[in-house]
Structures are given as C-alpha cells and as structure tokens.
2 protein chains.
Amino acid sequence: MLQLRSLVTADGTLELSLAEVETPAPGAGEILVRIDATPINPSDIGLLFGAADMTAATVAGTPDRPVVTAPIPPALMRAMAARVGESMPVGNEAGGVVVAAGEGAEHLVGKTVGIIGGAMYAQFRTVRARDAIVAPDGVDAEAAASCFVNPLTALGMTETMRREGHKALVHTAAASNLGQMLNRICIKDGIALINIVRSAAQAATLRDLGAAHVVDSSQPGFMDALVAALVETGATIAFDAIGGGKLAGQILTAMEIAVNKTAREYSRYGSAVHKQVYIYGGLDTGPTELNRGFGMAWGIGGWLLFPFLQKIGAADAQALRDRVAAELTTTFASHYTARITLAEALGLPAITGYNRRATGEKYLITPNA
Amino acid sequence: MLQLRSLVTADGTLELSLAEVETPAPGAGEILVRIDATPINPSDIGLLFGAADMTAATVAGTPDRPVVTAPIPPALMRAMAARVGESMPVGNEAGGVVVAAGEGAEHLVGKTVGIIGGAMYAQFRTVRARDAIVAPDGVDAEAAASCFVNPLTALGMTETMRREGHKALVHTAAASNLGQMLNRICIKDGIALINIVRSAAQAATLRDLGAAHVVDSSQPGFMDALVAALVETGATIAFDAIGGGKLAGQILTAMEIAVNKTAREYSRYGSAVHKQVYIYGGLDTGPTELNRGFGMAWGIGGWLLFPFLQKIGAADAQALRDRVAAELTTTFASHYTARITLAEALGLPAITGYNRRATGEKYLITPNA
C-alpha cells in the first residue's frame, strides 16, 4: 500500500514522497480500514510541511510516485531538530470501510467508520476498534472522514466556555468549515456566538447560515460593532484561529470596554471580570501583539483538542463523540471544495491550494479512488 | 487632618492637592491610626497620576498646600471617564500607631500596626481592627508600613507556583524591593528562583543577597543563560513586572527549549508541559509581543494580589498574613531610599523621582513628621 511521508534532512531539506509499505494486519481488538477519504486540516499542515518554504518547492519522481523537495530556512532548522532523519507518516483523521478485523472486532467488518490517530494519508490504516466512530447507516466515508478534529474542536469550545464559567462565545476566522459547524452547534444549543470574519463575503456566508452576530474586521467600524455585540451577548471568552497580529488583543480590549459599560464605579485595575482568549490556530504566523489596555483580569493561551479531551476525562469525551455520531450529517457535516489522490496531494497546484488555508476551502484526499 | 487627593477634570487635567478633612472617629470594631509611614508602591502610581503626562506637570499653591496640575493626552481620556470629577484619596498601605479605638478594639490603643485599604496618604485613617496586622514588640511604623502589598504579593507568587503545579519560579525586574523579598522567601523555603535583571549592577545586588540563579537580559548570552537556568531548575512559571516588549515571550520560548531538551520524541505541537507567565506590573507600558515559538501548551495573563487572596479564601490568606507578621523585620523587611512629607510628595523633585519607578528605589511618605 501507499503511505505519504514527510522527511526533514540534516542539510535543511523537506522531502515529501509516497512510500510503499506493507498493509498492516489487525490484531485483537483492532480493525483494518480502507481509507476512502481523509481531509487536509490546518492541523495537518504543520507536520506535513514543517518549517519549509513551500513557495520554493519542486517536484521530481514520476506522476505516480512524485517526490517534493523544499528548502527549510536555516534559522528555522533548530525547531526541526527533533524530527531530522525520521520519515514521518501524516494525516490526523479519515473515513473508510472496515475490510478486516482482529478478535473481538469482527462485527465491524463492512461498516463505514471515522478514525483518528495519524498516518491517515495512506491506502489502509489499522486502529483500535474502540477508537473508531461507527457511522450511522446511510452515511458514507466522506461524511465520516471529518468526524473528529473539527466536530470535537467545535464542541470543545462550547464545553470550555461552560466549564470556565462564561456564557457566550467569540470565534475568529468564523466562516471556516469549523466556524460554520460551531455556528450550527450554537444555534442548536442556544449559545450566543459572535462570529468575527475578515471580508464582506464571509459575513454574508454566515448570515445566510443564520448567524445572529457577525462582525467584519476589514470594516472601519469593527471595534464599535464588536463592543456592541459583546454588550448584547456578555461574551468573555474567545477562540482565535489567527494567532498573529492585534486581533486577540483587540478582542480583550473590546471585552473590557463592554464589561465597563455596566460597571458602577471606577477601578484602577480595570474590571474584575476575567476575559480569556484561546489561540488554537496560526493562520497569521506573525507575532501576537497585546497593548494590555484591558485591565488585569485577562488571560491568553494556547488551546489544543487532545489535551482538552484528556482533561475532561474518558466519559465526558465519549459523550461528545456520541453526539458527533448522532448528528454527523447535520450539525457536524463538512464540505469539501477539492478531491485529490495521494499523488495529486504531492503536486504543486494542490500544495499551493491547500497551503493557502483559505477560509471555506477544504481539500479531501481519496487514497483509493 | 490632611489627605492627599487626585482629581481628573472633564477638560483633561489631573489635579493633585492636599485636602483638609475631618479626622474620622472609630466605630465599633474599628481603630483610628496615626499614619507615620506610607510607601509609594508602583501599584499606587496608577491611581495617583492616572493617564497624565507628568513630564508636563506644574506646581502652584503654597509650600504647605501645593497643587499639582498635569495634562492628560486626549486619546487617553476615554480610559479616565469613570473617575472624572471624583476627588479620590490615594495610598494602599501604611504603618502607624493606634490612637483611638471603638468598642471591642480598645486593647489595640498604643499598638503599632500595618494597615491596608486605600486613602493612606493622609495623617490619620480609620480601619476595621481585624484588617490590621499588629506589629511584634520592637517593630516600628516604618517596618510595618509595607507589610501587605509586597510581602503578600511575593508570597502570592510562591503560593500560585505550588497551587498550579510548578516546582520553580522565574521573576523579572528581580532586584526590586519585591524581588529581594521573593529571593529571601525562596532561599528560606528551598524554592529554586531564577532572577532576571536588566543590568550588571542589579545582578551583583542579587548575588550578594545569596541568589543562586541570576540572568541579565542586557547581556548578549541572555537566552542561553536563561535556558540553562531553566533546565537546572525546571521552572515553568514566571511573574513579570515589566509587561511590555518581548521578555514574556522570550521566557516562554526559553521554557519550551528547556523542556524539549529532555523530550524523547518529536511533537508537532511542541511540548505538552504547560508554561505560564503572569504579568503583575507594567514597567514597560508598550505592547507585549509574543512570537508564539513555544508550542501550544502556554498561557499568559494578568495577576493581581486581591483577586488572588479572594480565590484562596480567608483562612489561607490569614495564614500568609500571620507569616508576614512573624518575619516582618527579616524575610519581609523593606528598604526606603527617600522619606518625604505629604507636601513634598506633591513637589516636582519627588514626583520625578518616584515616577521613575527605578528598581531598588523606594519612597516613603511620613504624613506626621
């Protein structure tokens, strides 16, 4: 079978290729899944490309076995040290059909499942049966392919909001697949959500999907509109996919202004209401700049799905997965804008496309098409 | 009696003056304290000067009743809106002698106490007896004057370190009065402390005081020295008095490098060890810049003493106060570099001096001298 590999060499080159490896056999409690669909999520691209400059990538090899090479800027090689020389499989999640099973998992043969665990950019993958989400009847592999990362991340946001005592939510890059999913969750669950987008077209997309609060950071009245939405919703927590620039700080500043609009007396340290931004992506890889004009009751930090799931424990994490399975074609539906083979995934047109990480664009690899 | 006041007018002027007010009478459970010593802490200066440009301050009035005025830049008046027109007393903490007491507090008359609660830049202050720390015999008002803000802040740092699961501590602007106190606490309690300073002289000061880990951010080898100290101590939490610039991000980056030196495998999201910086001051009022080269397991946020004390609860807060009283002239001793009257505090030489907030310099007001 074919498996996509990413290798960083000691001389500072990234090399992407398709390795021919033996198809693994499922052990007890395991299933062998034929991968029919596996999405390219922003969270896959870091491992795939490392710190390489993909604008300088070149392709050699053959059409069926392309080999992509790209230079890694010397200043960034230190961060790559731990993976030098190790040919790494890639791909967080996938959907497919169970074609073989080990002892105790035989009942799953023929079922369509969603699976997670890395090395999904391949024709087959063996996983523990208990780690798969079994798709309801009538749900195909494409629909099952994105049933972990985006759905659980979006549910993780509303769960974090509740567990940390906030009553409404702010989300950036909000017209993304993930953002549209979060919008559906919030509408269904009655959670007030402020969607921050970066263009009028994205704002229209979300309004068409029923979003009540959409603010466009490309407009001159952005801060006033954001403050008004924060006053209306009482949101004091945000999830930010962008990371770099001033946006995270602007959100905290707007929250502080909104909270102080209802304050009764002057506090030299700003409001006592805690305001939180979690950065879960890095669409802007530049520095985060905080002017700290938002008092002393604030926090900003990284947020990742897997540590969150560990923190809430197995039972609560399973409840989230059960909800995803039940609403896979409604609340948690994903939309793809391009379908490519493993070989096409190593072509420059596709690389340029999915590396753009454009909001609303999503690539799906179909390794057995 | 005289009481220092800070007023922001609607036309954008700060006005500092000495008001003549009636000496309050203590009610039941209260004590009247003659203020003999009250420090000017960085945390007082925000309320005292607001957003005014003190380099443009002028003094009128008489030598005994000076009136300072200074312009507030129009762009900063929005942040002052809540205090316009309200003549505010200033001063967080003080030391003095109980000269009268209400019912139930008569036993305290004649005692030297440390008190907290605002409006301390005055000749007298009434407070609840239970909020005072009674100084041990032989301890004078000057020693009692700084027994809340710095001691409890320094203890709050080691307490936060323990409660959030860290095993060693980083502190910036570490040669300050507070920093020297934290250094004494950590030596006494066996806590590894990394002191970050900004000059060779400050480094020497701390080494002379027995500090084991001192790194100087003005030296070219700063990051390497910081990483080495982090590897040695395992510190994953920092308290930062500076706030602006790149230092907070550099600390997180150095922590991530230190943690990864012992990591066994590559993790695309960086180490799973949570790294935290709390900003508790703003010696650099410029923006905080984070390059986010430190994985996803990180947090940065504001830290304030009073919310911390509320969070840990009355019993635990009292235990900290008891320790301060017991070690007031040793671990928690403060050193003052200038003693001034209330009128002198409103003179330009003193204002220039204490507004510099120079590390190791500390002003004490003696309202009844």
# chains A, B, ... in the order shown; residues from 1 in each chain; ligands from 1
>>> closest_atom_pairs(of="chain A", to="chain B", cutoff="7 Å", atoms="only C-alpha atoms", output="tab-separated table")
residue	atom	partner	partner_atom	distance
A:Gly46	CA	B:Arg268	CA	6.9
A:Leu47	CA	B:Arg268	CA	5.9
A:Ala82	CA	B:Tyr266	CA	5.1
A:Arg83	CA	B:Tyr266	CA	5.7
A:Glu265	CA	B:Ala82	CA	6.7
A:Tyr266	CA	B:Ala82	CA	5.1
A:Arg268	CA	B:Leu47	CA	6.0
A:Gly286	CA	B:Asn291	CA	6.6
A:Pro287	CA	B:Asn291	CA	4.2
A:Thr288	CA	B:Leu290	CA	5.0
A:Glu289	CA	B:Glu289	CA	4.7
A:Leu290	CA	B:Thr288	CA	5.0
A:Asn291	CA	B:Pro287	CA	4.2
A:Arg292	CA	B:Pro287	CA	6.7
A:Met296	CA	B:Gly302	CA	4.6
A:Ala297	CA	B:Gly302	CA	5.6
A:Trp298	CA	B:Gly301	CA	5.4
A:Gly299	CA	B:Gly301	CA	3.9
A:Ile300	CA	B:Ile300	CA	5.4
A:Gly301	CA	B:Gly299	CA	3.9
A:Gly302	CA	B:Met296	CA	4.6
A:Trp303	CA	B:Met296	CA	6.3
A:Leu304	CA	B:Met296	CA	6.7
>>> residues_around(residues="Val99 in chain A", least_positions_apart="4", cutoff="12 Å", atoms="only C-alpha atoms", output="list of chain:residue names")
A:Thr23, A:Pro24, A:Ala25, A:Pro26, A:Glu30, A:Ile31, A:Leu32, A:Val33, A:Arg34, A:Ile35, A:Asp36, A:Ala105, A:Glu106, A:His107, A:Leu108, A:Val109, A:Gly110, A:Lys111, A:Thr112, A:Val113, A:Gln123, A:Phe124, A:Arg125, A:Thr126
>>> closest_residue(among="B:Gln318, B:Thr9, B:Thr352, B:Thr153", to="Pro71 in chain B", atoms="only C-alpha atoms")
B:Thr9
>>> residues_around(residues="Leu169 in chain A", least_positions_apart="2", cutoff="6 Å", atoms="only C-alpha atoms", output="list in words")
Leu193, Ala235, Ile237 and Ala238 of chain A
>>> residues_around(residues="range 216-219 of chain A", least_positions_apart="2", cutoff="12 Å", atoms="only C-alpha atoms", output="ChimeraX atom specification")
/A:171-175,194-207,213-214,221-226,229,246-248,250-251
>>> write_last_selection(atoms="N, CA and C atoms", output="mmCIF file, in the first residue's frame")
data_model
loop_
_atom_site.group_PDB
_atom_site.id
_atom_site.type_symbol
_atom_site.label_atom_id
_atom_site.label_comp_id
_atom_site.auth_asym_id
_atom_site.auth_seq_id
_atom_site.Cartn_x
_atom_site.Cartn_y
_atom_site.Cartn_z
ATOM 1 N N HIS A 171 -15.665 33.845 18.153
ATOM 2 C CA HIS A 171 -14.845 32.983 17.310
ATOM 3 C C HIS A 171 -14.308 33.795 16.138
ATOM 4 N N THR A 172 -13.037 33.576 15.777
ATOM 5 C CA THR A 172 -12.438 34.295 14.647
ATOM 6 C C THR A 172 -12.267 33.348 13.454
ATOM 7 N N ALA A 173 -11.986 33.932 12.297
ATOM 8 C CA ALA A 173 -11.963 33.150 11.038
ATOM 9 C C ALA A 173 -13.227 32.320 10.974
ATOM 10 N N ALA A 174 -14.334 32.966 11.328
ATOM 11 C CA ALA A 174 -15.555 32.253 11.697
ATOM 12 C C ALA A 174 -16.316 31.669 10.526
ATOM 13 N N ALA A 175 -15.899 31.985 9.288
ATOM 14 C CA ALA A 175 -16.588 31.404 8.134
ATOM 15 C C ALA A 175 -15.959 30.087 7.685
ATOM 16 N N ILE A 194 -20.461 35.230 18.744
ATOM 17 C CA ILE A 194 -20.043 36.366 17.916
ATOM 18 C C ILE A 194 -19.027 35.845 16.905
ATOM 19 N N ASN A 195 -19.382 35.942 15.633
ATOM 20 C CA ASN A 195 -18.523 35.472 14.552
ATOM 21 C C ASN A 195 -17.706 36.639 14.007
ATOM 22 N N ILE A 196 -16.381 36.581 14.141
ATOM 23 C CA ILE A 196 -15.519 37.600 13.549
ATOM 24 C C ILE A 196 -14.983 37.068 12.222
ATOM 25 N N VAL A 197 -15.212 37.823 11.150
ATOM 26 C CA VAL A 197 -14.744 37.419 9.826
ATOM 27 C C VAL A 197 -13.893 38.538 9.237
ATOM 28 N N ARG A 198 -13.250 38.239 8.081
ATOM 29 C CA ARG A 198 -12.318 39.201 7.506
ATOM 30 C C ARG A 198 -12.741 39.736 6.140
ATOM 31 N N SER A 199 -13.992 39.481 5.748
ATOM 32 C CA SER A 199 -14.470 40.032 4.478
ATOM 33 C C SER A 199 -15.985 40.068 4.489
ATOM 34 N N ALA A 200 -16.520 40.924 3.610
ATOM 35 C CA ALA A 200 -17.976 41.036 3.486
ATOM 36 C C ALA A 200 -18.577 39.730 2.984
ATOM 37 N N ALA A 201 -17.856 39.027 2.089
ATOM 38 C CA ALA A 201 -18.376 37.768 1.559
ATOM 39 C C ALA A 201 -18.523 36.734 2.673
ATOM 40 N N GLN A 202 -17.510 36.678 3.565
ATOM 41 C CA GLN A 202 -17.586 35.728 4.682
ATOM 42 C C GLN A 202 -18.732 36.101 5.621
ATOM 43 N N ALA A 203 -18.929 37.395 5.825
ATOM 44 C CA ALA A 203 -20.038 37.831 6.682
ATOM 45 C C ALA A 203 -21.367 37.374 6.094
ATOM 46 N N ALA A 204 -21.505 37.526 4.775
ATOM 47 C CA ALA A 204 -22.749 37.124 4.114
ATOM 48 C C ALA A 204 -22.970 35.619 4.240
ATOM 49 N N THR A 205 -21.881 34.839 4.071
ATOM 50 C CA THR A 205 -21.978 33.381 4.223
ATOM 51 C C THR A 205 -22.575 33.015 5.578
ATOM 52 N N LEU A 206 -22.044 33.621 6.624
ATOM 53 C CA LEU A 206 -22.513 33.265 7.961
ATOM 54 C C LEU A 206 -23.933 33.765 8.216
ATOM 55 N N ARG A 207 -24.247 34.964 7.742
ATOM 56 C CA ARG A 207 -25.616 35.467 7.937
ATOM 57 C C ARG A 207 -26.613 34.554 7.230
ATOM 58 N N HIS A 213 -24.814 37.205 15.166
ATOM 59 C CA HIS A 213 -23.792 38.225 15.431
ATOM 60 C C HIS A 213 -22.592 37.982 14.525
ATOM 61 N N VAL A 214 -22.418 38.825 13.531
ATOM 62 C CA VAL A 214 -21.286 38.716 12.616
ATOM 63 C C VAL A 214 -20.612 40.082 12.568
ATOM 64 N N GLY A 221 -15.708 50.319 11.159
ATOM 65 C CA GLY A 221 -16.430 50.343 12.434
ATOM 66 C C GLY A 221 -16.297 49.066 13.236
ATOM 67 N N PHE A 222 -15.244 48.273 12.942
ATOM 68 C CA PHE A 222 -15.110 46.941 13.549
ATOM 69 C C PHE A 222 -15.180 46.965 15.077
ATOM 70 N N MET A 223 -14.340 47.797 15.719
ATOM 71 C CA MET A 223 -14.280 47.762 17.186
ATOM 72 C C MET A 223 -15.629 48.129 17.805
ATOM 73 N N ASP A 224 -16.296 49.161 17.273
ATOM 74 C CA ASP A 224 -17.594 49.550 17.828
ATOM 75 C C ASP A 224 -18.619 48.431 17.659
ATOM 76 N N ALA A 225 -18.599 47.788 16.498
ATOM 77 C CA ALA A 225 -19.546 46.688 16.255
ATOM 78 C C ALA A 225 -19.264 45.519 17.189
ATOM 79 N N LEU A 226 -17.968 45.254 17.414
ATOM 80 C CA LEU A 226 -17.600 44.155 18.308
ATOM 81 C C LEU A 226 -18.044 44.458 19.740
ATOM 82 N N ALA A 229 -21.763 43.953 20.091
ATOM 83 C CA ALA A 229 -22.131 42.536 20.148
ATOM 84 C C ALA A 229 -21.755 41.928 21.500
ATOM 85 N N LYS A 246 -2.901 41.904 15.911
ATOM 86 C CA LYS A 246 -3.516 42.602 17.046
ATOM 87 C C LYS A 246 -4.884 42.064 17.432
ATOM 88 N N LEU A 247 -5.421 41.103 16.675
ATOM 89 C CA LEU A 247 -6.828 40.750 16.867
ATOM 90 C C LEU A 247 -7.119 40.220 18.273
ATOM 91 N N ALA A 248 -6.280 39.327 18.787
ATOM 92 C CA ALA A 248 -6.540 38.766 20.120
ATOM 93 C C ALA A 248 -6.604 39.888 21.160
ATOM 94 N N GLN A 250 -7.289 43.061 20.534
ATOM 95 C CA GLN A 250 -8.477 43.884 20.280
ATOM 96 C C GLN A 250 -9.719 43.257 20.898
ATOM 97 N N ILE A 251 -9.791 41.937 20.841
ATOM 98 C CA ILE A 251 -10.947 41.250 21.437
ATOM 99 C C ILE A 251 -10.968 41.489 22.946
#
>>> residues_around(residues="Arg5 in chain A", least_positions_apart="3", cutoff="8 Å", atoms="only C-alpha atoms", output="list in words")
Leu16, Ser17, Leu18, Ala19, Ser87, Met88, Pro89 and Val90 of chain A
>>> residues_around(residues="Gly95 in chain B", least_positions_apart="6", cutoff="7 Å", atoms="only C-alpha atoms", output="number ranges by chain")
B: 35-38, 113-115, 141-142, 144-145
>>> select_by_dssp(residues="range 42-281 of chain B", states="alpha helix (DSSP H)", output="PyMOL selection string")
chain B and resi 42-49+77-80+141-144+149-163+177-189+200-208+222-233+247-260
>>> atom_distance(atom1="CA of Leu2 in chain B", atom2="CA of Asp131 in chain B")
22.8 Å
>>> residues_around(residues="range 362-365 of chain A", least_positions_apart="4", cutoff="7 Å", atoms="only C-alpha atoms", output="ChimeraX atom specification")
/A:37-40,336-342,354
>>> closest_residue(among="A:Ser6, A:Ala154, A:Pro367, A:Gly29", to="Gly96 in chain A", atoms="only C-alpha atoms")
A:Pro367
>>> closest_residue(among="B:Glu256, B:Glu20, B:Glu344, B:Asp11", to="Asp64 in chain B", atoms="only C-alpha atoms")
B:Glu344
>>> atom_distance(atom1="CA of Ala333 in chain A", atom2="CA of Ala101 in chain A")
27.6 Å
